[in-house]
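Participant: My structure is below; once you've seen it, I'll send some questions.
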2 protein chains.
Amino acid sequence: MSVSQRLSDLREVMQREHLAAFIFPSSDPHQGEYVPDHWKGREFISGFNGSAGTAVVTMTSAALWTDSRYFIAAEEQLKGTEYQLMKLKIEGTPTIAEWVGRACGPGAEVAIDGACSSANSVKALIADLRKQGGITLRTNLDPLKLIWRDRPPIPDAPVEIYPLKYAGEAARDKIARIRKALREQHADGMLMSALDDIAWTLNLRGADVHCNPVFVSYLLISSKDVTLYIDKVKLTPEVLAYLKAEGVGVAPYEEVKNGLKNYFEYNILLDPDEVNYTLYKSVTREIIEEESPVKRMKTVKNATEIAGFKSAMLKDGIAMVKFLKWLSECSDCSEISVSEKLEQLRSEQPLYRDISFDTIAGYQAHGAIVHYEATPETDAPLKREGLLLLDSGAQYLDGTTDITRTIALGPVTEEMKRVYTLVLKGHIQIELCKFPSGASGTQIDILARKDMWREGLNYLHGTGHGVGTYLNVHEGPHQFRMEWKPAPLVEGMTITDEPGIYLAGNFGVRIENTLLITPYKETAFGKFLQFESLTLCPVDKTPIVREMLLQEEADWLNAYHQRVFDTLSPHLNADETAWLREACASI
Amino acid sequence: MSVSQRLSDLREVMQREHLAAFIFPSSDPHQGEYVPDHWKGREFISGFNGSAGTAVVTMTSAALWTDSRYFIAAEEQLKGTEYQLMKLKIEGTPTIAEWVGRACGPGAEVAIDGACSSANSVKALIADLRKQGGITLRTNLDPLKLIWRDRPPIPDAPVEIYPLKYAGEAARDKIARIRKALREQHADGMLMSALDDIAWTLNLRGADVHCNPVFVSYLLISSKDVTLYIDKVKLTPEVLAYLKAEGVGVAPYEEVKNGLKNYFEYNILLDPDEVNYTLYKSVTREIIEEESPVKRMKTVKNATEIAGFKSAMLKDGIAMVKFLKWLSECSDCSEISVSEKLEQLRSEQPLYRDISFDTIAGYQAHGAIVHYEATPETDAPLKREGLLLLDSGAQYLDGTTDITRTIALGPVTEEMKRVYTLVLKGHIQIELCKFPSGASGTQIDILARKDMWREGLNYLHGTGHGVGTYLNVHEGPHQFRMEWKPAPLVEGMTITDEPGIYLAGNFGVRIENTLLITPYKETAFGKFLQFESLTLCPVDKTPIVREMLLQEEADWLNAYHQRVFDTLSPHLNADETAWLREACASI
């Protein structure tokens, strides 16, 4: 069915409902990073398949907003449709509310499916539209139910128990801790809708979402009950019995609205950046709008989880070394073929389950596209020269990995060496940082950038994010970031360290380890923390300009490489060990 | 009159008014850093004269909250009174609301003078008291009017015109810019109550407040009028004529409330952290609660102001060098006598008006008391050993200065050297920083701390603050600080760079220059900025551990010293030049 047919079907609904415009965001009811096909409504209505974008359709026009990552792809995919491309953060681009205001005029009624956007984002949209001559927003209609005939169902992959030997804390104990945190906020209960928070709380994992071992559901906690709203087809008798034993009741997924209506306590905590607007509006009790306490609890790993991370990182390091040795010898490789080889080597490791995100293998100019994913059309053959940026990770049952290496495939230019060394310096300065417990990632972020800034270089993404325990590879709320991130960094958190520099049309460099926050020392000035590299894999030394490194930076690299060699070599064959010895030799 | 007599007078008023408690904060109607004697009500009622503290009096008890800077002083000054000392940030200390809740019981009515606290602080207090069993707060009573018989009047020093050759922009042009900023926020007018904002806007200066050349007044701007509320006795005919020419009307100071009541526009911008609660509540139109746009405008210096700063810094450097040479030779000196000598040398410089804050001259253990001010009782004689911390500044008609040097008066310990070098490294790392325009001080702050943190050392004050143009030495909203300060750093701002380390009972080190933000370079990644030291004065080299400095740090120090020598030496006699040559020699 063509986009124009879909638009025509939609406009029939809009006419019937007297709607001047319909807005399709890229989010789903659970605000996850990856959206199951069932909720890819924006893609259905526009044909544009990028991960970020909003489509708006009026009776006579249509437009799609996306960011610079997708300008080229969106232009191609929208060709031949009536969609106008709206380039976000480009001078002169109207906001969605401004454009709707002009297209629909004062007093119009427009709509969005309130179930597919967070409470805060819909509230902001309502305020913005009101300023456009009093445009009102209807939120209780999902036209896709009527017009999307072959709509994929909500995924129903089976749920499995995440064993205590990996989780380290029983679900009932986590629930007790959550209730304690709620009481501290004078909250009687909470609704959880973030899928990784639910999976973490219940020690369950699923397979509903690409790369994220989560399952579509809601979890309602009151002072007396815990109810999991889920399609029961996903639950084996074993999981049902387990839930019962942990004190968790089960109800159908679509019953959550009724569950909220019947919630009988005095108040309920809802994270308005997490819970969707429709559920938010269906609450009849007092709402405490706060960040979900589960977010921070989940980020602080217990001893069992840390041991699991170390085991997963060892396996990932072994796979990476086998891969890097293979890459150093391969001929006729391409971006896609190296990604496949790496995935294959990882899959041979014990407890391997999946990749943790789509591999980014960007050769030369492709390395400068921050979210590049090779397709058969773009797949570049690798030559024995220049830089390959490779950002990848895996889901093992005992932990999640995330690593970036930029590899010189042969001779590289002086500019590449200079840029590579600046990124490496930034990476190492974060590794070397000691800081008071509770410092924020916003404070520390500059250590990765200060040497680049002196050269007038920078990168526009964050420097690091938390990593889940056999869960989502992106885990908040703490980050290293230029923007304000108040979440304090505390002992037991994981966080990536991944500065980069991207010269458009030329090449890109990023170097990433996943770090663990551990105690450093206690003094009269309080408790100080440090970072420990969990990732075990050599950093390519060939593009380093040694004179640009401080002695402490060279010392760090040599000590890190020594540890990588000592830890990995017992698990490698003689050829691999020889390769690794060379890769880890001192500079 | 004794404190107990004052309390008894107050309680008579409280009984008549059925008040269970009265709260006296340390602030005044204009939220300034230094409070004129007229508003020192907390000192009057408690006897405690520290700059920060809140007294609360019930019918049968009294308590005073202050922070760790004042624990010892407060304990002494409250001795023999019925006041109980409440130590802020110490485990177990109740909040004021909690204590009032316990002392007065549910449903009580307590009071504060709403004119002497910001709107936001009173609103927070009201919310906190409500949680204590519904205690209510009355805000329209000033008991000091009744019980403080010899109360000092509101100061009435004459106002003078700040010449355009120093201000660089006419008052009418500043007012036009403010109106433009208000229109951008859809505000029809604003009330200004920060005394330095008013002085800056009108190009007037006064002498009502210690060290700050400001005058007590309010400024009400509407889309049609500008009215200065001030005691007319302060205004000469020349100033009155000037105000008329700039389009500014004049009304009596106490008429401001009526002015607000008669304000006829649709809405008004009020900064609720600046405007006091009584005025805030007297507004009858719609209030736009935003940071005053004047705060940021004032911090960005124009070319005339920058030239004035450089002239003031040259004079201040000459005075500092004469002083340091004198100090290196003096005998029988003490903390107070060196402060007096420095003030005398500064006062010999052209356009000198005043010191810009009370000099901190802390020898050895006194240097570890961050806000130390020597008194005849504490005044320590200086020996030819150890460290003297000297933080001082001046008001010149063309600019305000703020400088800290820590000086080895003779042999120092290895620990002193190590700590001194860590502070110097931190200072230099800020000086060396290049950053994208719009970065915040929270991001940059860590550069001064990262080397200390590795040793488990830290300091709990900010790393830097803005400096006014012949105005307040502390000028916001931008700062270098561990806490979040969203104000972006832009070209033309001044900011101090003053890391320190304080080892209680032992010694303290702080090294401070005042910096100017200037352009660095423009690249594909945007506009980058840098810092330029305005302060011209050698940094003591004798306590430096050279091996602890990076080459770039030693290079910076040598280049800075070369510039100090080249700029100052033409203004010095032969002996002083010889001393300075030695002080500025390369390391």
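Here's how to read the names in the structure tokens: chain A, B, ... by the order shown, residue numbers from 1 in each chain, ligand numbers from 1 in the order shown.
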Residues of chain A within 9 Å of chain B, counting only C-alpha atoms, what are they? List them as a short mmCIF file (atom, residue, chain, number, x, y, z; two decimals) with N, CA and C atoms, in the first residue's frame.

Facilitator:
data_model
loop_
_atom_site.label_atom_id
_atom_site.label_comp_id
_atom_site.auth_asym_id
_atom_site.auth_seq_id
_atom_site.Cartn_x
_atom_site.Cartn_y
_atom_site.Cartn_z
N LEU A 432 41.82 8.18 34.03
CA LEU A 432 42.71 8.57 35.13
C LEU A 432 42.00 9.38 36.21
N CYS A 433 40.78 9.83 35.95
CA CYS A 433 40.11 10.77 36.86
C CYS A 433 39.78 10.13 38.21
N LYS A 434 40.08 10.84 39.28
CA LYS A 434 39.61 10.50 40.63
C LYS A 434 38.67 11.61 41.05
N PHE A 435 37.62 11.27 41.76
CA PHE A 435 36.60 12.30 42.01
C PHE A 435 35.83 12.02 43.30
N PRO A 436 35.29 13.07 43.93
CA PRO A 436 34.51 12.86 45.15
C PRO A 436 33.23 12.10 44.83
N ALA A 439 29.93 13.30 42.56
CA ALA A 439 30.16 14.24 41.46
C ALA A 439 29.27 13.82 40.29
N SER A 440 28.97 14.76 39.40
CA SER A 440 28.12 14.43 38.26
C SER A 440 28.95 14.28 37.01
N THR A 442 28.48 15.67 34.27
CA THR A 442 28.67 16.97 33.61
C THR A 442 29.99 17.60 34.04
N GLN A 443 30.37 17.38 35.30
CA GLN A 443 31.62 17.95 35.77
C GLN A 443 32.82 17.28 35.12
N ILE A 444 32.74 15.96 34.91
CA ILE A 444 33.91 15.19 34.50
C ILE A 444 34.10 15.19 32.98
N ASP A 445 33.01 15.37 32.26
CA ASP A 445 33.00 15.29 30.80
C ASP A 445 34.15 16.03 30.11
N ILE A 446 34.49 17.23 30.61
CA ILE A 446 35.48 18.09 29.94
C ILE A 446 36.85 17.44 29.86
N LEU A 447 37.14 16.50 30.76
CA LEU A 447 38.47 15.89 30.73
C LEU A 447 38.73 15.20 29.40
N ARG A 449 37.55 16.30 26.58
CA ARG A 449 37.47 17.29 25.49
C ARG A 449 38.55 18.36 25.54
N LYS A 450 39.16 18.59 26.71
CA LYS A 450 39.96 19.81 26.87
C LYS A 450 41.10 19.88 25.86
N ASP A 451 41.73 18.76 25.55
CA ASP A 451 42.84 18.82 24.59
C ASP A 451 42.34 19.04 23.16
N TRP A 453 39.59 20.76 22.45
CA TRP A 453 39.12 22.15 22.40
C TRP A 453 40.29 23.10 22.08
N ARG A 454 41.47 22.76 22.57
CA ARG A 454 42.62 23.63 22.28
C ARG A 454 42.93 23.65 20.78
N GLU A 455 42.52 22.59 20.07
CA GLU A 455 42.72 22.53 18.61
C GLU A 455 41.46 22.98 17.87
N GLY A 456 40.45 23.45 18.59
CA GLY A 456 39.20 23.84 17.93
C GLY A 456 38.39 22.65 17.46
N LEU A 457 38.61 21.49 18.04
CA LEU A 457 37.85 20.28 17.68
C LEU A 457 36.89 19.92 18.80
N ASN A 458 35.86 19.13 18.47
CA ASN A 458 34.87 18.76 19.48
C ASN A 458 34.04 17.61 18.92
N TYR A 459 33.21 17.03 19.74
CA TYR A 459 32.21 16.06 19.26
C TYR A 459 30.91 16.39 19.97
N LEU A 460 29.79 16.13 19.30
CA LEU A 460 28.52 16.66 19.80
C LEU A 460 27.68 15.60 20.52
N MET A 482 28.05 17.14 28.12
CA MET A 482 28.21 18.59 28.25
C MET A 482 26.97 19.19 28.89
N GLU A 483 25.79 18.64 28.57
CA GLU A 483 24.54 19.13 29.16
C GLU A 483 24.46 18.69 30.62
N TRP A 484 23.65 19.37 31.38
CA TRP A 484 23.54 19.09 32.81
C TRP A 484 22.88 17.74 33.07
N PRO A 486 22.25 15.79 36.50
CA PRO A 486 22.47 15.88 37.94
C PRO A 486 22.74 14.54 38.63
N TYR A 520 38.33 4.80 45.75
CA TYR A 520 39.73 5.22 45.57
C TYR A 520 40.37 5.44 46.94
N LYS A 521 39.95 6.49 47.64
CA LYS A 521 40.48 6.69 49.00
C LYS A 521 39.52 7.56 49.80
N GLU A 522 39.67 7.49 51.11
CA GLU A 522 38.90 8.37 51.98
C GLU A 522 39.85 9.27 52.73
N THR A 523 39.55 10.56 52.71
CA THR A 523 40.42 11.53 53.37
C THR A 523 39.53 12.48 54.18
N ALA A 524 40.18 13.49 54.78
CA ALA A 524 39.42 14.51 55.51
C ALA A 524 38.43 15.20 54.59
N PHE A 525 38.65 15.12 53.27
CA PHE A 525 37.75 15.78 52.33
C PHE A 525 36.67 14.83 51.81
N GLY A 526 36.55 13.65 52.43
CA GLY A 526 35.46 12.74 52.05
C GLY A 526 35.94 11.54 51.26
N LYS A 527 34.97 10.88 50.64
CA LYS A 527 35.21 9.63 49.94
C LYS A 527 35.48 9.94 48.47
N PHE A 528 36.57 9.41 47.95
CA PHE A 528 36.91 9.62 46.54
C PHE A 528 36.77 8.30 45.78
N LEU A 550 51.04 12.82 27.30
CA LEU A 550 51.73 13.07 28.56
C LEU A 550 52.32 11.74 29.05
#

Participant: Skipping near chain neighbours, those fewer than 5 positions away, what residues fall within 12 Å of Ala63 of chain A using only C-alpha atoms, listed as a VMD selection string?

Facilitator: chain A and resid 7 21 to 25 42 45 to 48 53 to 58 74 to 75 78 81 to 87 93 to 96 99 to 100 103

Participant: Given the selection you just returned, output its residues as a file containing N, CA, C and O atoms, formatted as a CSV table (one decimal), in the first residue's frame.

Facilitator:
chain,number,residue,atom,x,y,z
A,7,LEU,N,-2.2,8.0,3.5
A,7,LEU,CA,-2.6,9.4,3.8
A,7,LEU,C,-4.1,9.6,3.6
A,7,LEU,O,-4.8,10.2,4.3
A,21,ALA,N,-5.2,18.1,12.0
A,21,ALA,CA,-3.9,17.5,11.8
A,21,ALA,C,-3.7,16.3,12.7
A,21,ALA,O,-4.4,16.3,13.8
A,22,PHE,N,-2.9,15.4,12.3
A,22,PHE,CA,-2.5,14.3,13.2
A,22,PHE,C,-1.0,14.2,13.3
A,22,PHE,O,-0.3,14.4,12.3
A,23,ILE,N,-0.5,14.0,14.5
A,23,ILE,CA,0.9,14.0,14.8
A,23,ILE,C,1.4,12.6,15.1
A,23,ILE,O,0.8,12.0,16.0
A,24,PHE,N,2.4,12.1,14.4
A,24,PHE,CA,3.0,10.8,14.7
A,24,PHE,C,4.4,10.9,15.2
A,24,PHE,O,5.3,11.2,14.3
A,25,PRO,N,4.7,10.7,16.5
A,25,PRO,CA,6.1,10.8,16.9
A,25,PRO,C,6.8,9.4,16.7
A,25,PRO,O,6.1,8.5,16.2
A,42,ARG,N,4.8,6.1,12.7
A,42,ARG,CA,5.4,7.2,12.0
A,42,ARG,C,6.0,6.7,10.7
A,42,ARG,O,5.9,7.3,9.6
A,45,ILE,N,3.1,5.8,8.3
A,45,ILE,CA,2.4,6.9,7.6
A,45,ILE,C,3.2,7.7,6.7
A,45,ILE,O,2.7,8.4,5.8
A,46,SER,N,4.6,7.6,6.9
A,46,SER,CA,5.5,8.5,6.1
A,46,SER,C,6.4,7.7,5.2
A,46,SER,O,6.9,8.2,4.2
A,47,GLY,N,6.7,6.4,5.5
A,47,GLY,CA,7.7,5.7,4.8
A,47,GLY,C,9.1,5.9,5.2
A,47,GLY,O,10.0,5.2,4.8
A,48,PHE,N,9.3,6.9,6.1
A,48,PHE,CA,10.7,7.2,6.6
A,48,PHE,C,11.0,6.2,7.8
A,48,PHE,O,10.2,6.2,8.8
A,53,GLY,N,12.2,10.9,14.4
A,53,GLY,CA,11.4,11.7,13.4
A,53,GLY,C,10.0,11.9,13.8
A,53,GLY,O,9.5,11.0,14.5
A,54,THR,N,9.4,13.0,13.5
A,54,THR,CA,7.9,13.1,13.7
A,54,THR,C,7.2,13.5,12.4
A,54,THR,O,7.7,14.4,11.7
A,55,ALA,N,6.2,12.8,12.1
A,55,ALA,CA,5.4,13.1,10.9
A,55,ALA,C,4.1,13.9,11.4
A,55,ALA,O,3.5,13.6,12.4
A,56,VAL,N,3.7,14.9,10.6
A,56,VAL,CA,2.5,15.6,10.9
A,56,VAL,C,1.7,15.7,9.5
A,56,VAL,O,2.3,16.1,8.5
A,57,VAL,N,0.4,15.3,9.6
A,57,VAL,CA,-0.4,15.3,8.4
A,57,VAL,C,-1.6,16.2,8.6
A,57,VAL,O,-2.3,16.1,9.6
A,58,THR,N,-1.8,17.1,7.7
A,58,THR,CA,-3.0,17.9,7.7
A,58,THR,C,-3.9,17.4,6.5
A,58,THR,O,-3.5,16.5,5.8
A,74,ALA,N,16.3,10.6,4.8
A,74,ALA,CA,14.9,11.1,4.8
A,74,ALA,C,14.5,11.7,3.5
A,74,ALA,O,13.4,11.4,2.9
A,75,GLU,N,15.4,12.5,2.9
A,75,GLU,CA,15.2,13.1,1.6
A,75,GLU,C,14.9,12.0,0.6
A,75,GLU,O,13.9,12.1,-0.2
A,78,LEU,N,11.5,10.1,1.4
A,78,LEU,CA,10.3,10.9,1.2
A,78,LEU,C,10.0,11.3,-0.2
A,78,LEU,O,9.0,11.9,-0.5
A,81,THR,N,6.6,11.5,-2.3
A,81,THR,CA,5.5,11.6,-1.5
A,81,THR,C,5.2,13.1,-1.3
A,81,THR,O,5.9,13.9,-1.8
A,82,GLU,N,4.1,13.4,-0.6
A,82,GLU,CA,3.8,14.8,-0.5
A,82,GLU,C,4.5,15.4,0.8
A,82,GLU,O,4.3,16.6,1.1
A,83,TYR,N,5.3,14.6,1.4
A,83,TYR,CA,6.0,15.1,2.7
A,83,TYR,C,7.0,16.1,2.4
A,83,TYR,O,7.9,15.9,1.5
A,84,GLN,N,7.0,17.2,3.2
A,84,GLN,CA,8.1,18.2,3.1
A,84,GLN,C,9.0,17.8,4.3
A,84,GLN,O,8.6,17.5,5.4
A,85,LEU,N,10.3,17.9,4.0
A,85,LEU,CA,11.3,17.5,5.0
A,85,LEU,C,11.6,18.8,5.9
A,85,LEU,O,11.9,19.8,5.3
A,86,MET,N,11.5,18.6,7.2
A,86,MET,CA,11.8,19.7,8.1
A,86,MET,C,13.1,19.4,8.9
A,86,MET,O,13.1,18.4,9.7
A,87,LYS,N,14.1,20.2,8.6
A,87,LYS,CA,15.4,19.9,9.2
A,87,LYS,C,15.6,20.5,10.6
A,87,LYS,O,15.7,21.7,10.7
A,93,THR,N,13.9,26.5,10.3
A,93,THR,CA,12.9,25.4,10.4
A,93,THR,C,11.9,25.7,11.5
A,93,THR,O,12.3,26.0,12.6
A,94,PRO,N,10.6,25.7,11.2
A,94,PRO,CA,9.6,26.0,12.2
A,94,PRO,C,9.5,24.8,13.2
A,94,PRO,O,9.8,23.7,12.8
A,95,THR,N,9.0,25.0,14.4
A,95,THR,CA,8.7,23.9,15.3
A,95,THR,C,7.4,23.3,14.8
A,95,THR,O,6.7,23.8,14.0
A,96,ILE,N,7.2,22.1,15.3
A,96,ILE,CA,5.9,21.4,14.9
A,96,ILE,C,4.7,22.3,15.2
A,96,ILE,O,3.8,22.4,14.4
A,99,TRP,N,4.4,25.2,12.8
A,99,TRP,CA,4.0,24.7,11.5
A,99,TRP,C,2.5,24.4,11.5
A,99,TRP,O,1.7,24.8,10.6
A,100,VAL,N,2.1,23.7,12.6
A,100,VAL,CA,0.7,23.3,12.7
A,100,VAL,C,-0.2,24.6,12.8
A,100,VAL,O,-1.3,24.7,12.2
A,103,ALA,N,-0.5,26.0,9.4
A,103,ALA,CA,-1.3,25.1,8.4
A,103,ALA,C,-2.7,25.0,8.8
A,103,ALA,O,-3.6,24.9,7.9

Participant: Which polymer residues have any atom within 7 Å of an atom of Ala380 of chain B, counting only C-alpha atoms, with same-chain residues fewer than 3 positions away left out, as a list in words?

Facilitator: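 Selected residues are Ser334, Glu335 and Tyr363 of chain B.
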
Participant: Have a look at atom CA of Val35 of chain A and atom CA of Gly50 of chain A and let me know their distance in Å, one decimal.

Facilitator: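 Atom CA of Gly50 of chain A lies 11.1 Å from atom CA of Val35 of chain A.
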
Participant: Which residues of segment 397-482 of chain B come within 8 Å of segment 288-308 of chain B, and for each one, what is the closest pair of atoms and their distance in Å to one decimal, counting only C-alpha atoms, sorted by chain and residue number, as a tab-separated table?

Facilitator:
residue	atom	partner	partner_atom	distance
B:Asp398	CA	B:Gly308	CA	4.6
B:Gly399	CA	B:Gly308	CA	5.6
B:Gly466	CA	B:Thr299	CA	6.9
B:Val467	CA	B:Thr299	CA	7.8
B:Gly468	CA	B:Thr299	CA	7.1
B:Thr469	CA	B:Glu305	CA	6.6
B:Glu475	CA	B:Thr299	CA	7.1
B:Gly476	CA	B:Lys295	CA	6.6
B:Pro477	CA	B:Lys295	CA	6.6
